[in-house]
$ cat my_file-v8.cif   # mmCIF, C-alpha atoms
data_protein
loop_
_atom_site.label_atom_id
_atom_site.label_comp_id
_atom_site.auth_asym_id
_atom_site.auth_seq_id
_atom_site.Cartn_x
_atom_site.Cartn_y
_atom_site.Cartn_z
CA MET A 1 -70.33 -31.63 32.25
CA GLN A 2 -68.45 -33.17 29.38
CA ILE A 3 -66.96 -36.54 28.51
CA ALA A 4 -63.26 -36.91 27.85
CA LYS A 5 -60.52 -39.52 27.72
CA VAL A 6 -57.49 -39.12 29.95
CA CYS A 7 -54.53 -39.06 27.58
CA GLY A 8 -51.79 -37.96 29.97
CA THR A 9 -50.67 -36.02 32.99
CA VAL A 10 -49.33 -32.51 33.40
CA VAL A 11 -46.53 -32.05 35.91
CA SER A 12 -45.72 -28.65 37.34
CA THR A 13 -42.95 -28.22 39.89
CA TYR A 14 -43.79 -24.58 40.56
CA LYS A 15 -47.41 -23.51 40.89
CA GLU A 16 -49.80 -21.35 42.91
CA SER A 17 -49.46 -22.39 46.56
CA ASN A 18 -53.19 -23.25 46.79
CA LEU A 19 -52.59 -25.92 44.14
CA SER A 20 -49.97 -27.79 46.15
CA GLY A 21 -50.71 -31.51 46.05
CA THR A 22 -53.06 -31.18 43.08
CA LYS A 23 -52.77 -33.70 40.24
CA PHE A 24 -53.38 -32.38 36.71
CA LEU A 25 -54.65 -34.52 33.84
CA LEU A 26 -54.58 -33.88 30.10
CA LEU A 27 -58.00 -34.71 28.70
CA GLN A 28 -59.08 -35.26 25.09
CA LEU A 29 -62.75 -34.51 24.47
CA VAL A 30 -65.09 -37.20 23.05
CA ASP A 31 -68.02 -36.67 20.67
CA LEU A 32 -71.44 -38.39 20.59
CA GLN A 33 -70.13 -41.13 18.32
CA GLY A 34 -67.40 -41.99 20.83
CA GLN A 35 -64.71 -40.48 18.63
CA LEU A 36 -61.85 -38.43 20.05
CA LEU A 37 -61.93 -34.77 19.09
CA SER A 38 -58.94 -32.54 18.44
CA GLU A 39 -59.81 -30.51 21.57
CA TYR A 40 -57.90 -30.84 24.82
CA GLU A 41 -58.36 -29.62 28.38
CA VAL A 42 -56.18 -29.64 31.48
CA ALA A 43 -58.18 -30.48 34.60
CA THR A 44 -57.51 -31.23 38.23
CA ASP A 45 -58.10 -34.84 39.21
CA THR A 46 -60.45 -35.20 42.18
CA VAL A 47 -61.26 -38.91 41.74
CA GLY A 48 -57.98 -40.71 41.00
CA ALA A 49 -58.47 -41.21 37.26
CA GLY A 50 -55.78 -42.80 35.12
CA VAL A 51 -54.56 -42.68 31.54
CA ASP A 52 -56.97 -44.20 29.00
CA GLU A 53 -60.00 -43.94 31.31
CA TRP A 54 -63.08 -42.00 30.21
CA VAL A 55 -64.16 -39.36 32.68
CA LEU A 56 -66.75 -36.67 33.33
CA PHE A 57 -65.35 -33.23 33.90
CA THR A 58 -66.85 -29.86 34.66
CA ARG A 59 -65.65 -26.35 33.96
CA GLY A 60 -65.95 -22.94 35.58
CA SER A 61 -67.80 -22.45 38.85
CA GLY A 62 -68.84 -26.13 38.88
CA ALA A 63 -65.18 -27.13 39.12
CA ARG A 64 -64.73 -24.95 42.19
CA GLN A 65 -67.66 -26.60 44.00
CA VAL A 66 -65.66 -29.80 44.47
CA LEU A 67 -64.75 -30.33 48.14
CA ASN A 68 -61.61 -28.38 49.13
CA SER A 69 -61.48 -26.57 45.76
CA GLU A 70 -63.60 -23.54 46.65
CA ASN A 71 -60.64 -21.17 47.06
CA ARG A 72 -58.37 -22.63 44.40
CA PRO A 73 -57.81 -21.14 40.93
CA ILE A 74 -59.38 -24.13 39.17
CA ASP A 75 -61.21 -23.87 35.85
CA ALA A 76 -61.77 -27.59 35.13
CA ALA A 77 -62.06 -30.66 37.37
CA VAL A 78 -62.51 -34.38 36.74
CA ILE A 79 -65.49 -35.38 38.89
CA ALA A 80 -66.22 -39.00 37.86
CA ILE A 81 -64.66 -42.04 36.22
CA ILE A 82 -67.07 -43.49 33.65
CA ASP A 83 -68.06 -47.16 33.66
CA THR A 84 -70.26 -47.13 30.55
CA VAL A 85 -71.70 -44.70 28.03
CA SER A 86 -74.74 -45.80 26.02
CA LEU A 87 -76.59 -43.95 23.28
CA SER A 88 -79.89 -45.40 22.07
CA ASP A 89 -79.19 -49.07 21.48
CA ARG A 90 -75.40 -49.04 21.31
CA THR A 91 -72.58 -48.80 23.81
CA LEU A 92 -70.09 -46.05 23.03
CA TYR A 93 -67.73 -47.01 25.85
CA SER A 94 -67.39 -49.72 28.46
CA LYS A 95 -64.56 -49.61 30.97
CA LYS A 96 -64.94 -53.36 31.49
CA TYR A 97 -64.30 -54.17 27.83
CA SER A 98 -61.76 -51.40 27.35
CA GLU A 99 -59.52 -52.88 30.08
CA ARG A 100 -59.60 -56.32 28.44
CA MET A 101 -58.50 -54.90 25.10
CA GLN A 102 -55.35 -53.27 26.53
#
$ encode --input "my_file-v8.cif" --output "structure tokens"
Amino acid sequence: MQIAKVCGTVVSTYKESNLSGTKFLLLQLVDLQGQLLSEYEVATDTVGAGVDEWVLFTRGSGARQVLNSENRPIDAAVIAIIDTVSLSDRTLYSKKYSERMQ
């Protein structure tokens, strides 16, 4: 699993029929200092995440183990919305405080 920030959505009118009804998110990866990296990933949203939220996502076979995704051509899936991320004695991210700042 990896941590990323949802920075947008990806809309596709035409797609593989197994992907009908699937929401795609554009994710920007986050490093151990809480800084955004210049790496991006498109992932299916299985938890209802929104723009600016930090999420956990998984790639490969782990993404296809999400309920109802077993037979879909999915390579990455958002599997959790993060509340807090702490490293040693400091908080890298807090959804509670992030929402107040916006």
$ atom_distance --input "my_file-v8.cif" --atom1 "CA of Glu41 in chain A" --atom2 "CA of Gly21 in chain A"
19.3 Å
$ resolve_selection --input "my_file-v8.cif" --expression "the PyMOL selection byres ((chain A and resi 75) around 6)" --output "NGL selection string"
:A and (59-60 or 74 or 76)
$ write_last_selection --input "my_file-v8.cif" --atoms "C-alpha atoms" --output "PDB file, in the coordinates of the input"
ATOM      1  CA  ARG A  59     -65.650 -26.350  33.960  1.00  0.00           C
ATOM      2  CA  GLY A  60     -65.950 -22.940  35.580  1.00  0.00           C
ATOM      3  CA  ILE A  74     -59.380 -24.130  39.170  1.00  0.00           C
ATOM      4  CA  ALA A  76     -61.770 -27.590  35.130  1.00  0.00           C
TER       5      ALA A  76
END
$ residues_around --input "my_file-v8.cif" --residues "Leu36 in chain A" --least-positions-apart "3" --cutoff "12 Å" --atoms "only C-alpha atoms" --output "VMD selection string"
chain A and resid 3 to 7 27 to 33 39 to 40 52 54 92 to 93
$ write_last_selection --input "my_file-v8.cif" --atoms "C-alpha atoms" --output "PDB file, in the frame of the given file"
ATOM      1  CA  ILE A   3     -66.960 -36.540  28.510  1.00  0.00           C
ATOM      2  CA  ALA A   4     -63.260 -36.910  27.850  1.00  0.00           C
ATOM      3  CA  LYS A   5     -60.520 -39.520  27.720  1.00  0.00           C
ATOM      4  CA  VAL A   6     -57.490 -39.120  29.950  1.00  0.00           C
ATOM      5  CA  CYS A   7     -54.530 -39.060  27.580  1.00  0.00           C
ATOM      6  CA  LEU A  27     -58.000 -34.710  28.700  1.00  0.00           C
ATOM      7  CA  GLN A  28     -59.080 -35.260  25.090  1.00  0.00           C
ATOM      8  CA  LEU A  29     -62.750 -34.510  24.470  1.00  0.00           C
ATOM      9  CA  VAL A  30     -65.090 -37.200  23.050  1.00  0.00           C
ATOM     10  CA  ASP A  31     -68.020 -36.670  20.670  1.00  0.00           C
ATOM     11  CA  LEU A  32     -71.440 -38.390  20.590  1.00  0.00           C
ATOM     12  CA  GLN A  33     -70.130 -41.130  18.320  1.00  0.00           C
ATOM     13  CA  GLU A  39     -59.810 -30.510  21.570  1.00  0.00           C
ATOM     14  CA  TYR A  40     -57.900 -30.840  24.820  1.00  0.00           C
ATOM     15  CA  ASP A  52     -56.970 -44.200  29.000  1.00  0.00           C
ATOM     16  CA  TRP A  54     -63.080 -42.000  30.210  1.00  0.00           C
ATOM     17  CA  LEU A  92     -70.090 -46.050  23.030  1.00  0.00           C
ATOM     18  CA  TYR A  93     -67.730 -47.010  25.850  1.00  0.00           C
TER      19      TYR A  93
END
$ residues_around --input "my_file-v8.cif" --residues "Leu25 in chain A" --least-positions-apart "5" --cutoff "7 Å" --atoms "only C-alpha atoms" --output "list of chain:residue names"
A:Val6, A:Gly8, A:Thr9, A:Val10, A:Val42, A:Ala43, A:Thr44, A:Asp45
$ atom_distance --input "my_file-v8.cif" --atom1 "CA of Arg72 in chain A" --atom2 "CA of Val51 in chain A"
24.1 Å
$ closest_residue --input "my_file-v8.cif" --among "A:Phe24, A:Tyr97, A:Phe57, A:Tyr14" --to "Thr84 in chain A" --atoms "only C-alpha atoms"
A:Tyr97
$ atom_distance --input "my_file-v8.cif" --atom1 "CA of Thr22 in chain A" --atom2 "CA of Gly48 in chain A"
10.9 Å
$ axis_aligned_box --input "my_file-v8.cif" --around "range 42-46 of chain A" --padding-each-side "8 Å" --output "AutoDock Vina command-line options"
--center_x -58.3 --center_y -32.4 --center_z 36.8 --size_x 20.3 --size_y 21.6 --size_z 26.7
$ residues_near_point --input "my_file-v8.cif" --point "(-66.7, -45.3, 31.9)" --cutoff "8 Å" --atoms "all atoms listed in the file" --output "tab-separated table (two decimals) with C-alpha atoms, in the coordinates of the input"
chain	number	residue	atom	x	y	z
A	53	GLU	CA	-60.00	-43.94	31.31
A	54	TRP	CA	-63.08	-42.00	30.21
A	55	VAL	CA	-64.16	-39.36	32.68
A	81	ILE	CA	-64.66	-42.04	36.22
A	82	ILE	CA	-67.07	-43.49	33.65
A	83	ASP	CA	-68.06	-47.16	33.66
A	84	THR	CA	-70.26	-47.13	30.55
A	85	VAL	CA	-71.70	-44.70	28.03
A	93	TYR	CA	-67.73	-47.01	25.85
A	94	SER	CA	-67.39	-49.72	28.46
A	95	LYS	CA	-64.56	-49.61	30.97
